[in-house]
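Chemist: Sharing my_file_26.cif (mmCIF, C-alpha atoms) below.
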```cif
data_query
#
loop_
_atom_site.group_PDB
_atom_site.id
_atom_site.type_symbol
_atom_site.label_atom_id
_atom_site.label_comp_id
_atom_site.auth_asym_id
_atom_site.auth_seq_id
_atom_site.Cartn_x
_atom_site.Cartn_y
_atom_site.Cartn_z
ATOM 1 C CA VAL I 917 109.618 78.392 77.092
ATOM 2 C CA GLY I 918 106.745 75.946 76.868
ATOM 3 C CA ALA I 919 105.340 77.186 80.190
ATOM 4 C CA GLN I 920 105.604 80.795 79.015
ATOM 5 C CA ARG I 921 103.760 79.941 75.804
ATOM 6 C CA ALA I 922 101.064 78.235 77.843
ATOM 7 C CA ASP I 923 100.767 81.381 79.946
ATOM 8 C CA ALA I 924 100.589 83.474 76.796
ATOM 9 C CA ARG I 925 97.347 81.759 75.844
ATOM 10 C CA LYS I 926 95.841 82.726 79.203
ATOM 11 C CA VAL I 927 97.174 86.278 79.554
ATOM 12 C CA THR I 928 95.141 89.039 77.957
ATOM 13 C CA THR I 929 94.968 92.801 78.241
ATOM 14 C CA MET I 930 93.230 94.621 81.070
ATOM 15 C CA SER I 931 89.504 93.949 81.560
ATOM 16 C CA ARG I 932 86.999 95.850 83.691
ATOM 17 C CA ASN I 933 85.847 92.702 85.496
ATOM 18 C CA GLY I 934 87.499 90.358 87.917
ATOM 19 C CA VAL I 935 89.636 90.434 91.043
ATOM 20 C CA ILE I 936 92.545 92.885 90.817
ATOM 21 C CA VAL I 937 95.697 92.742 92.934
ATOM 22 C CA GLY I 938 98.515 95.229 93.307
ATOM 23 C CA PHE I 939 101.848 93.473 92.812
ATOM 24 C CA ASP I 940 105.367 94.918 93.036
ATOM 25 C CA GLY I 941 107.407 91.819 93.847
ATOM 26 C CA SER I 942 107.494 92.449 97.606
ATOM 27 C CA GLU I 943 106.650 89.804 100.190
ATOM 28 C CA ALA I 944 103.448 91.612 101.164
ATOM 29 C CA SER I 945 102.270 91.824 97.561
ATOM 30 C CA THR I 946 103.096 88.133 97.060
ATOM 31 C CA HIS I 947 100.790 87.260 99.965
ATOM 32 C CA ALA I 948 98.124 89.485 98.411
ATOM 33 C CA LEU I 949 98.612 87.732 95.070
ATOM 34 C CA ARG I 950 98.024 84.353 96.692
ATOM 35 C CA TRP I 951 94.786 85.516 98.306
ATOM 36 C CA ALA I 952 93.604 87.241 95.124
ATOM 37 C CA ALA I 953 94.228 84.135 93.011
ATOM 38 C CA GLY I 954 92.113 82.061 95.387
ATOM 39 C CA GLU I 955 89.438 84.739 95.413
ATOM 40 C CA ALA I 956 89.275 84.758 91.613
ATOM 41 C CA ILE I 957 88.838 80.987 91.570
ATOM 42 C CA LEU I 958 86.009 81.175 94.122
ATOM 43 C CA ARG I 959 84.255 83.922 92.159
ATOM 44 C CA ASP I 960 84.965 82.312 88.771
ATOM 45 C CA VAL I 961 86.383 85.545 87.341
ATOM 46 C CA PRO I 962 89.777 86.497 85.881
ATOM 47 C CA LEU I 963 92.653 87.657 88.057
ATOM 48 C CA ILE I 964 94.128 91.031 87.129
ATOM 49 C CA VAL I 965 97.738 91.599 88.209
ATOM 50 C CA CYS I 966 98.421 95.335 88.352
ATOM 51 C CA HIS I 967 101.879 96.917 88.451
ATOM 52 C CA ALA I 968 102.634 100.625 88.683
ATOM 53 C CA GLY I 969 105.632 101.238 86.436
ATOM 54 C CA ARG I 970 106.801 101.482 82.846
ATOM 55 C CA LEU I 971 107.221 99.006 80.046
ATOM 56 C CA PRO I 972 110.802 98.410 78.851
ATOM 57 C CA ASP I 973 110.629 100.831 75.908
ATOM 58 C CA GLY I 974 109.338 103.693 78.064
ATOM 59 C CA ARG I 975 106.065 104.106 76.141
ATOM 60 C CA ALA I 976 103.834 102.695 78.862
ATOM 61 C CA ALA I 977 101.167 105.380 78.533
ATOM 62 C CA GLU I 978 100.543 104.468 74.897
ATOM 63 C CA ARG I 979 100.875 100.712 75.309
ATOM 64 C CA ALA I 980 99.422 99.932 78.742
ATOM 65 C CA SER I 981 96.127 98.831 77.220
ATOM 66 C CA GLN I 982 97.853 96.728 74.537
ATOM 67 C CA THR I 983 100.246 94.645 76.640
ATOM 68 C CA THR I 984 100.947 91.220 75.126
ATOM 69 C CA ALA I 985 102.046 88.127 77.003
ATOM 70 C CA ALA I 986 105.572 88.338 75.540
ATOM 71 C CA GLU I 987 105.946 91.940 76.701
ATOM 72 C CA VAL I 988 104.618 91.013 80.140
ATOM 73 C CA MET I 989 107.328 88.383 80.483
ATOM 74 C CA ASP I 990 109.896 91.112 79.866
ATOM 75 C CA THR I 991 108.542 93.123 82.808
ATOM 76 C CA ASP I 992 110.260 91.695 85.880
ATOM 77 C CA ALA I 993 107.518 92.241 88.458
ATOM 78 C CA LEU I 994 104.675 91.059 86.262
ATOM 79 C CA GLY I 995 106.681 88.096 85.008
ATOM 80 C CA GLN I 996 107.377 87.079 88.598
ATOM 81 C CA GLY I 997 103.716 87.554 89.454
ATOM 82 C CA LEU I 998 102.537 85.359 86.593
ATOM 83 C CA GLN I 999 104.901 82.579 87.628
ATOM 84 C CA LEU I 1000 103.546 82.758 91.176
ATOM 85 C CA VAL I 1001 99.949 82.627 89.960
ATOM 86 C CA ARG I 1002 100.805 79.470 88.021
ATOM 87 C CA GLN I 1003 102.015 77.974 91.301
ATOM 88 C CA PHE I 1004 99.059 79.166 93.378
ATOM 89 C CA GLN I 1005 96.210 78.426 90.952
ATOM 90 C CA PRO I 1006 97.192 76.592 87.747
ATOM 91 C CA GLY I 1007 94.729 77.203 84.950
ATOM 92 C CA LEU I 1008 93.452 80.534 86.267
ATOM 93 C CA THR I 1009 92.811 83.145 83.581
ATOM 94 C CA VAL I 1010 95.127 86.100 84.191
ATOM 95 C CA ARG I 1011 94.938 89.638 82.900
ATOM 96 C CA THR I 1012 97.622 92.259 83.375
ATOM 97 C CA SER I 1013 97.899 96.014 83.758
ATOM 98 C CA ASP I 1014 101.225 97.853 83.731
ATOM 99 C CA ARG I 1015 100.678 101.593 84.015
ATOM 100 C CA PRO I 1016 102.887 104.575 84.794
ATOM 101 C CA GLY I 1017 102.256 106.691 87.862
ATOM 102 C CA PRO I 1018 101.982 106.557 91.673
ATOM 103 C CA ALA I 1019 100.797 103.196 92.990
ATOM 104 C CA ALA I 1020 97.579 104.483 94.582
ATOM 105 C CA GLU I 1021 96.567 106.413 91.482
ATOM 106 C CA VAL I 1022 97.287 103.461 89.208
ATOM 107 C CA LEU I 1023 95.373 100.988 91.387
ATOM 108 C CA LEU I 1024 92.353 103.252 91.774
ATOM 109 C CA GLU I 1025 92.057 103.717 88.027
ATOM 110 C CA ALA I 1026 92.625 100.056 87.218
ATOM 111 C CA ALA I 1027 90.222 98.783 89.909
ATOM 112 C CA ASP I 1028 87.269 100.954 88.959
ATOM 113 C CA GLY I 1029 84.498 98.570 87.930
ATOM 114 C CA CYS I 1030 86.219 95.407 89.192
ATOM 115 C CA ASP I 1031 84.718 93.011 91.713
ATOM 116 C CA LEU I 1032 87.421 93.366 94.361
ATOM 117 C CA LEU I 1033 90.822 94.982 94.882
ATOM 118 C CA VAL I 1034 93.378 93.059 96.963
ATOM 119 C CA MET I 1035 96.458 94.666 98.534
ATOM 120 C CA GLY I 1036 99.243 93.516 100.813
ATOM 121 C CA VAL I 1037 100.103 95.248 104.071
ATOM 122 C CA HIS I 1038 103.694 95.693 105.173
ATOM 123 C CA GLY I 1039 104.725 94.988 108.755
ATOM 124 C CA SER I 1040 104.289 92.127 111.211
ATOM 125 C CA GLY I 1041 102.216 91.523 114.313
ATOM 126 C CA ALA I 1042 99.735 94.347 114.857
ATOM 127 C CA TRP I 1043 99.622 96.177 111.585
ATOM 128 C CA ALA I 1044 101.724 99.297 111.336
ATOM 129 C CA PRO I 1045 99.555 102.386 110.723
ATOM 130 C CA PRO I 1046 99.275 102.748 106.962
ATOM 131 C CA GLY I 1047 99.905 106.481 107.160
ATOM 132 C CA LEU I 1048 97.658 109.076 105.616
ATOM 133 C CA GLY I 1049 100.032 109.494 102.695
ATOM 134 C CA SER I 1050 100.470 105.779 101.987
ATOM 135 C CA ALA I 1051 99.058 103.947 98.998
ATOM 136 C CA SER I 1052 97.001 101.725 101.331
ATOM 137 C CA ALA I 1053 95.181 104.618 102.997
ATOM 138 C CA GLN I 1054 94.626 106.480 99.742
ATOM 139 C CA VAL I 1055 93.220 103.444 97.972
ATOM 140 C CA ALA I 1056 90.966 102.465 100.892
ATOM 141 C CA ALA I 1057 89.641 106.015 101.172
ATOM 142 C CA HIS I 1058 88.837 106.481 97.497
ATOM 143 C CA ALA I 1059 88.216 103.075 95.882
ATOM 144 C CA ARG I 1060 84.754 102.502 94.451
ATOM 145 C CA THR I 1061 85.181 98.757 94.794
ATOM 146 C CA PRO I 1062 85.712 96.805 98.029
ATOM 147 C CA VAL I 1063 89.373 96.707 99.095
ATOM 148 C CA LEU I 1064 90.792 93.678 100.913
ATOM 149 C CA PHE I 1065 94.039 94.066 102.855
ATOM 150 C CA VAL I 1066 95.801 90.738 103.314
ATOM 151 C CA HIS I 1067 97.344 89.883 106.663
ATOM 152 C CA GLY I 1068 99.674 86.897 106.936
ATOM 153 C CA ASP I 1069 100.762 84.641 104.097
ATOM 154 C CA GLY I 1070 97.658 85.023 101.946
ATOM 155 C CA GLY I 1071 96.091 81.715 102.940
ATOM 156 C CA TRP I 1072 92.659 81.463 104.527
ATOM 157 C CA ARG I 1073 92.783 81.101 108.303
ATOM 158 C CA GLY I 1074 89.905 80.807 110.743
ATOM 159 C CA ASP I 1075 86.408 79.422 110.525
ATOM 160 C CA LYS I 1076 84.221 82.477 109.990
ATOM 161 C CA VAL I 1077 83.751 85.963 108.556
ATOM 162 C CA VAL I 1078 83.114 88.835 110.972
ATOM 163 C CA VAL I 1079 81.305 92.019 109.927
ATOM 164 C CA GLY I 1080 80.670 95.231 111.801
ATOM 165 C CA VAL I 1081 77.085 96.493 111.574
ATOM 166 C CA ASP I 1082 75.304 99.610 112.785
ATOM 167 C CA ASP I 1083 72.463 101.801 111.564
ATOM 168 C CA SER I 1084 74.279 103.059 108.443
ATOM 169 C CA ALA I 1085 73.997 102.310 104.731
ATOM 170 C CA ALA I 1086 77.749 101.643 104.667
ATOM 171 C CA ALA I 1087 77.352 98.879 107.250
ATOM 172 C CA ARG I 1088 74.535 97.313 105.257
ATOM 173 C CA ALA I 1089 76.777 97.270 102.185
ATOM 174 C CA ALA I 1090 79.542 95.681 104.261
ATOM 175 C CA ALA I 1091 77.089 93.020 105.449
ATOM 176 C CA GLY I 1092 76.297 92.145 101.844
ATOM 177 C CA PHE I 1093 79.975 91.695 101.020
ATOM 178 C CA ALA I 1094 80.536 89.647 104.175
ATOM 179 C CA PHE I 1095 77.657 87.308 103.361
ATOM 180 C CA GLN I 1096 79.056 86.824 99.867
ATOM 181 C CA GLU I 1097 82.479 85.888 101.243
ATOM 182 C CA ALA I 1098 81.005 83.536 103.826
ATOM 183 C CA ALA I 1099 78.884 81.820 101.179
ATOM 184 C CA LEU I 1100 81.836 81.434 98.790
ATOM 185 C CA ARG I 1101 84.034 79.934 101.506
ATOM 186 C CA LYS I 1102 81.242 77.929 103.153
ATOM 187 C CA VAL I 1103 81.918 79.351 106.609
ATOM 188 C CA ALA I 1104 79.797 81.027 109.274
ATOM 189 C CA LEU I 1105 79.235 84.763 109.670
ATOM 190 C CA THR I 1106 79.252 86.778 112.888
ATOM 191 C CA ALA I 1107 77.752 90.279 112.924
ATOM 192 C CA VAL I 1108 79.076 92.594 115.644
ATOM 193 C CA PHE I 1109 77.104 95.613 116.831
ATOM 194 C CA SER I 1110 78.810 97.948 119.296
ATOM 195 C CA TRP I 1111 76.434 100.297 121.135
ATOM 196 C CA TRP I 1112 79.162 101.840 123.234
ATOM 197 C CA ILE I 1113 78.662 105.608 123.607
ATOM 198 C CA PRO I 1114 82.012 107.412 124.027
ATOM 199 C CA PRO I 1115 82.425 110.634 126.032
ATOM 200 C CA LEU I 1116 82.917 112.632 122.794
ATOM 201 C CA PRO I 1117 80.220 113.014 120.122
ATOM 202 C CA ILE I 1118 80.251 110.527 117.263
ATOM 203 C CA SER I 1119 77.872 110.014 114.343
ATOM 204 C CA VAL I 1120 74.456 111.632 114.319
ATOM 205 C CA GLY I 1121 72.908 108.203 113.859
ATOM 206 C CA TYR I 1122 74.192 106.953 117.192
ATOM 207 C CA LEU I 1123 73.163 110.135 118.989
ATOM 208 C CA ASP I 1124 69.673 109.878 117.537
ATOM 209 C CA LEU I 1125 69.511 106.237 118.568
ATOM 210 C CA ALA I 1126 70.532 107.063 122.131
ATOM 211 C CA SER I 1127 68.003 109.898 122.362
ATOM 212 C CA ALA I 1128 65.182 107.734 121.047
ATOM 213 C CA ALA I 1129 66.105 104.959 123.456
ATOM 214 C CA ARG I 1130 65.943 107.311 126.421
ATOM 215 C CA HIS I 1131 62.552 108.595 125.292
ATOM 216 C CA ARG I 1132 61.068 105.135 124.770
ATOM 217 C CA ALA I 1133 62.507 103.806 128.019
ATOM 218 C CA ALA I 1134 60.877 106.625 129.934
ATOM 219 C CA GLY I 1135 57.530 105.871 128.274
ATOM 220 C CA ASP I 1136 57.290 102.125 128.865
ATOM 221 C CA HIS I 1137 59.240 101.833 132.138
ATOM 222 C CA THR I 1138 62.066 99.751 130.711
ATOM 223 C CA SER I 1139 65.641 100.611 131.577
ATOM 224 C CA TYR I 1140 67.817 102.652 129.236
ATOM 225 C CA GLY I 1141 70.199 99.707 128.908
ATOM 226 C CA GLU I 1142 67.373 97.338 127.971
ATOM 227 C CA GLU I 1143 66.080 99.752 125.378
ATOM 228 C CA MET I 1144 69.530 100.265 123.877
ATOM 229 C CA LEU I 1145 69.892 96.492 123.625
ATOM 230 C CA ARG I 1146 66.551 96.280 121.857
ATOM 231 C CA PHE I 1147 67.606 99.008 119.429
ATOM 232 C CA ALA I 1148 70.862 97.181 118.755
ATOM 233 C CA GLU I 1149 69.061 93.935 118.032
ATOM 234 C CA ASP I 1150 66.630 95.731 115.721
ATOM 235 C CA ASN I 1151 69.484 97.336 113.804
ATOM 236 C CA VAL I 1152 71.340 94.046 113.426
ATOM 237 C CA GLY I 1153 68.146 92.401 112.205
ATOM 238 C CA ARG I 1154 67.478 95.107 109.612
ATOM 239 C CA ALA I 1155 71.080 95.127 108.379
ATOM 240 C CA LEU I 1156 71.227 91.359 107.930
ATOM 241 C CA ALA I 1157 67.672 90.506 106.835
ATOM 242 C CA PRO I 1158 68.021 90.925 103.047
ATOM 243 C CA TRP I 1159 71.355 89.117 102.954
ATOM 244 C CA ARG I 1160 70.107 86.269 105.147
ATOM 245 C CA ALA I 1161 67.253 85.766 102.716
ATOM 246 C CA GLN I 1162 69.677 85.564 99.782
ATOM 247 C CA ASN I 1163 72.134 83.306 101.632
ATOM 248 C CA PRO I 1164 70.026 80.925 103.751
ATOM 249 C CA ASP I 1165 72.822 78.357 103.973
ATOM 250 C CA VAL I 1166 75.239 80.725 105.759
ATOM 251 C CA PRO I 1167 75.154 80.095 109.545
ATOM 252 C CA THR I 1168 74.747 83.516 111.161
ATOM 253 C CA THR I 1169 75.182 84.752 114.708
ATOM 254 C CA SER I 1170 75.244 88.237 116.196
ATOM 255 C CA ALA I 1171 77.268 89.744 119.014
ATOM 256 C CA LEU I 1172 76.034 92.831 120.854
ATOM 257 C CA VAL I 1173 78.890 94.398 122.784
ATOM 258 C CA THR I 1174 79.469 97.474 124.914
ATOM 259 C CA ASP I 1175 82.945 98.479 123.809
ATOM 260 C CA ALA I 1176 84.615 100.783 121.311
ATOM 261 C CA PRO I 1177 83.759 99.482 117.803
ATOM 262 C CA HIS I 1178 87.332 98.803 116.666
ATOM 263 C CA LYS I 1179 88.096 96.932 119.900
ATOM 264 C CA ALA I 1180 84.909 94.898 119.698
ATOM 265 C CA LEU I 1181 85.559 93.969 116.071
ATOM 266 C CA SER I 1182 89.198 93.031 116.614
ATOM 267 C CA GLN I 1183 88.244 90.890 119.604
ATOM 268 C CA ALA I 1184 85.512 89.099 117.658
ATOM 269 C CA ALA I 1185 87.867 88.462 114.730
ATOM 270 C CA ARG I 1186 90.546 86.609 116.728
ATOM 271 C CA ASP I 1187 89.556 83.300 115.134
ATOM 272 C CA ALA I 1188 88.169 84.726 111.871
ATOM 273 C CA GLY I 1189 89.587 84.503 108.384
ATOM 274 C CA LEU I 1190 88.261 87.925 107.374
ATOM 275 C CA LEU I 1191 86.914 91.051 109.065
ATOM 276 C CA VAL I 1192 84.625 93.300 107.002
ATOM 277 C CA VAL I 1193 83.785 96.922 107.815
ATOM 278 C CA GLY I 1194 81.967 99.675 106.011
ATOM 279 C CA SER I 1195 83.457 103.133 105.675
ATOM 280 C CA ARG I 1196 81.628 106.423 105.562
ATOM 281 C CA GLY I 1197 84.616 108.688 106.196
ATOM 282 C CA LEU I 1198 82.848 110.702 108.884
ATOM 283 C CA GLY I 1199 83.994 114.226 109.649
ATOM 284 C CA PRO I 1200 85.063 117.281 107.620
ATOM 285 C CA LEU I 1201 87.806 115.328 105.833
ATOM 286 C CA ARG I 1202 85.613 112.405 104.864
ATOM 287 C CA ARG I 1203 86.552 112.712 101.199
ATOM 288 C CA LEU I 1204 90.233 112.443 102.023
ATOM 289 C CA LEU I 1205 90.477 110.016 104.922
ATOM 290 C CA LEU I 1206 89.076 106.734 106.073
ATOM 291 C CA GLY I 1207 86.487 106.690 108.806
ATOM 292 C CA SER I 1208 88.043 106.437 112.258
ATOM 293 C CA VAL I 1209 86.693 102.930 112.915
ATOM 294 C CA SER I 1210 87.940 101.619 109.565
ATOM 295 C CA LEU I 1211 91.379 103.079 110.109
ATOM 296 C CA ALA I 1212 91.644 101.702 113.651
ATOM 297 C CA VAL I 1213 90.512 98.253 112.498
ATOM 298 C CA LEU I 1214 93.052 98.281 109.682
ATOM 299 C CA GLN I 1215 95.802 99.021 112.205
ATOM 300 C CA HIS I 1216 94.852 96.478 114.868
ATOM 301 C CA ALA I 1217 92.849 93.603 113.350
ATOM 302 C CA PRO I 1218 94.289 90.097 113.855
ATOM 303 C CA CYS I 1219 93.226 88.937 110.379
ATOM 304 C CA SER I 1220 92.736 90.209 106.849
ATOM 305 C CA VAL I 1221 90.374 93.179 106.525
ATOM 306 C CA ALA I 1222 87.948 94.172 103.776
ATOM 307 C CA ILE I 1223 86.769 97.782 103.645
ATOM 308 C CA VAL I 1224 83.526 98.424 101.784
ATOM 309 C CA ARG I 1225 83.265 102.123 101.139
ATOM 310 C CA LEU I 1226 79.911 103.785 100.625
ATOM 311 C CA CYS I 1227 80.292 105.931 97.492
ATOM 312 C CA ARG I 1228 78.157 109.055 97.331
#
```
Write the structure described by the file as structure tokens, please.

Modeler:
Amino acid sequence: VGAQRADARKVTTMSRNGVIVGFDGSEASTHALRWAAGEAILRDVPLIVCHAGRLPDGRAAERASQTTAAEVMDTDALGQGLQLVRQFQPGLTVRTSDRPGPAAEVLLEAADGCDLLVMGVHGSGAWAPPGLGSASAQVAAHARTPVLFVHGDGGWRGDKVVVGVDDSAAARAAAGFAFQEAALRKVALTAVFSWWIPPLPISVGYLDLASAARHRAAGDHTSYGEEMLRFAEDNVGRALAPWRAQNPDVPTTSALVTDAPHKALSQAARDAGLLVVGSRGLGPLRRLLLGSVSLAVLQHAPCSVAIVRLCR
């Protein structure tokens, strides 16, 4: 009882700031809760534990924004989540949100305006494909805030953050998030640029880059490969320059690879604690689906993955 009363002084209603985590009592969501609690401590913001369901009296729609600590303790999943937070990070300020509706819809609404949304991923080993109808894919494709999918037990593993960069605004946004994470955790950052050109057309940006490289190579007698390498280095430099200036204490390296982007990123992240990618959702279904690279990374990455979506 005393512990619950202590929690009651720390639990408040939903706020529009902080780190938010989806929690349903499952093992995957427990791992996500552990990561999110640590993330909130690092960022010095509240933790928001979000549950898609109904309050005991069935009037969740009217009372979701007025949840008290006592009522939260009567909600099994949220009560369990609060107890776990007390174990993971004693003293952390916790906010709660218990809303009716499908999990993806609830999380998207609750996370709008927050610093970061954290979710667990079910499955072991190589991640099982989230499925286009799953909450994970829907949230990643539509969230206006960065979404971090936790792999493993929710603890930090590895000695660096890896980020995928290219010539896009989405990649530059991902680089900013990656630098922030590296600075908070006091680890190094590795930027990976893949200038592999597949047999099928991809983004216009890459095709333009390849065409310009051919033209310049023909004009100054350098090889096409050398010119592509120069373009890659220039793009990495432009993507990282503003964030390097803001985070001079973050050790930064770059890797220029000739492989499919998702393979190059997964390979580089073998000893990383977090892999960050930007998502543009290329193609005619870009408003509905994740970009192909983001989806492939989410399926095959060896560590936790953050997806920073460029909102238009």

Chemist: Give me the result of the PyMOL selection byres ((chain I and resi 1084) around 9) on this file, residue by residue, as a PyMOL selection string.

Modeler: chain I and resi 1081-1083+1085-1089+1121+1155+1194+1196

Chemist: Written as JSON, numbers by chain, which residues does the PyMOL selection byres ((chain I and resi 1023) around 9) give for the file shown?

Modeler: {"I": [936, 937, 938, 966, 967, 968, 1018, 1019, 1020, 1021, 1022, 1024, 1025, 1026, 1027, 1028, 1033, 1051, 1055, 1059]}

Chemist: With the PyMOL selection byres ((chain I and resi 951) around 9) as the selection, what would be picked from this file? Answer as a list in words, please.

Modeler: Thr946, His947, Ala948, Leu949, Arg950, Ala952, Ala953, Gly954, Glu955, Ala956, Val1034, Val1066, Asp1069, Gly1070, Gly1071 and Trp1072 of chain I

Chemist: The residues within 12 Å of (72.5, 78.7, 110.3), using only C-alpha atoms and the coordinates of the file, should be reported as a ChimeraX atom specification; which are they?

Modeler: /I:1098-1099,1102-1106,1160-1161,1163-1170

Chemist: Any idea what the distance is between CA of Val1224 in chain I and CA of Trp1159 in chain I?

Modeler: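 These two atoms are separated by 15.4 Å.
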
Chemist: Select, from I:Ala1057, I:Ala1157, I:Val1108, I:Val1078, the residue with the minimum atom-to-atom distance to Leu1211 in chain I, counting all atoms listed in the file.

Modeler: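 Going through I:Ala1057, I:Ala1157, I:Val1108, I:Val1078 one by one, the smallest distance to Leu1211 in chain I is for I:Ala1057.
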
Chemist: Rounded to one decimal place, report the CA of Phe1109 in chain I-CA of Leu1172 in chain I distance in Å.

Modeler: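 Between CA of Phe1109 in chain I and CA of Leu1172 in chain I the gap is 5.0 Å.
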
Chemist: Need the shell around Val1192 in chain I: protein/DNA/RNA residues with any atom at most 12 Å away, counting all atoms listed in the file. Skip same-chain ones fewer than 5 positions apart. Format as a PyMOL selection string?

Modeler: chain I and resi 1062-1065+1076-1081+1086-1098+1105-1108+1178+1181-1182+1184-1185+1209-1210+1213-1214+1217+1219-1225

Chemist: Could you state the separation of CA of Gln999 in chain I and CA of Ala1053 in chain I in Å, given to one decimal place?

Modeler: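 It comes out at 28.6 Å.
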
Chemist: Return as AutoDock Vina command-line options the box centre and box size in Å, one decimal, for an axis-aligned box around all listed atoms of range 999-1009 of chain I padded by 8 Å per side.

Modeler:
```
--center_x 98.9 --center_y 79.9 --center_z 88.5 --size_x 28.1 --size_y 22.6 --size_z 25.8
```

Chemist: Find, counting all atoms listed in the file, the residue in I:Pro1177, I:Gly997, I:Gly1068, I:Gly1007 that gets nearest to Gly1036 in chain I.

Modeler: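 So, comparing all the options, the nearest one is I:Gly1068.
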
Chemist: Out of I:Gly1017, I:Gly1029, I:Gly941, I:Gly1153, which residue has the shortest atom-to-atom distance to Leu1000 in chain I when counting all atoms listed in the file?

Modeler: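 Counting all atoms listed in the file, the residue closest to Leu1000 in chain I is I:Gly941.
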
Chemist: With only C-alpha atoms as the atoms that count, which of I:Gln1003, I:Leu998, I:Ala1148, I:Arg1101 lies nearest to Arg1073 in chain I?

Modeler: I:Arg1101

Chemist: Rank nothing, just name the residue among I:Ser1052, I:Asn933, I:Gln1162, I:Ser1208 nearest to Ser1195 in chain I, using all atoms listed in the file.

Modeler: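 Counting all atoms listed in the file, the residue closest to Ser1195 in chain I is I:Ser1208.
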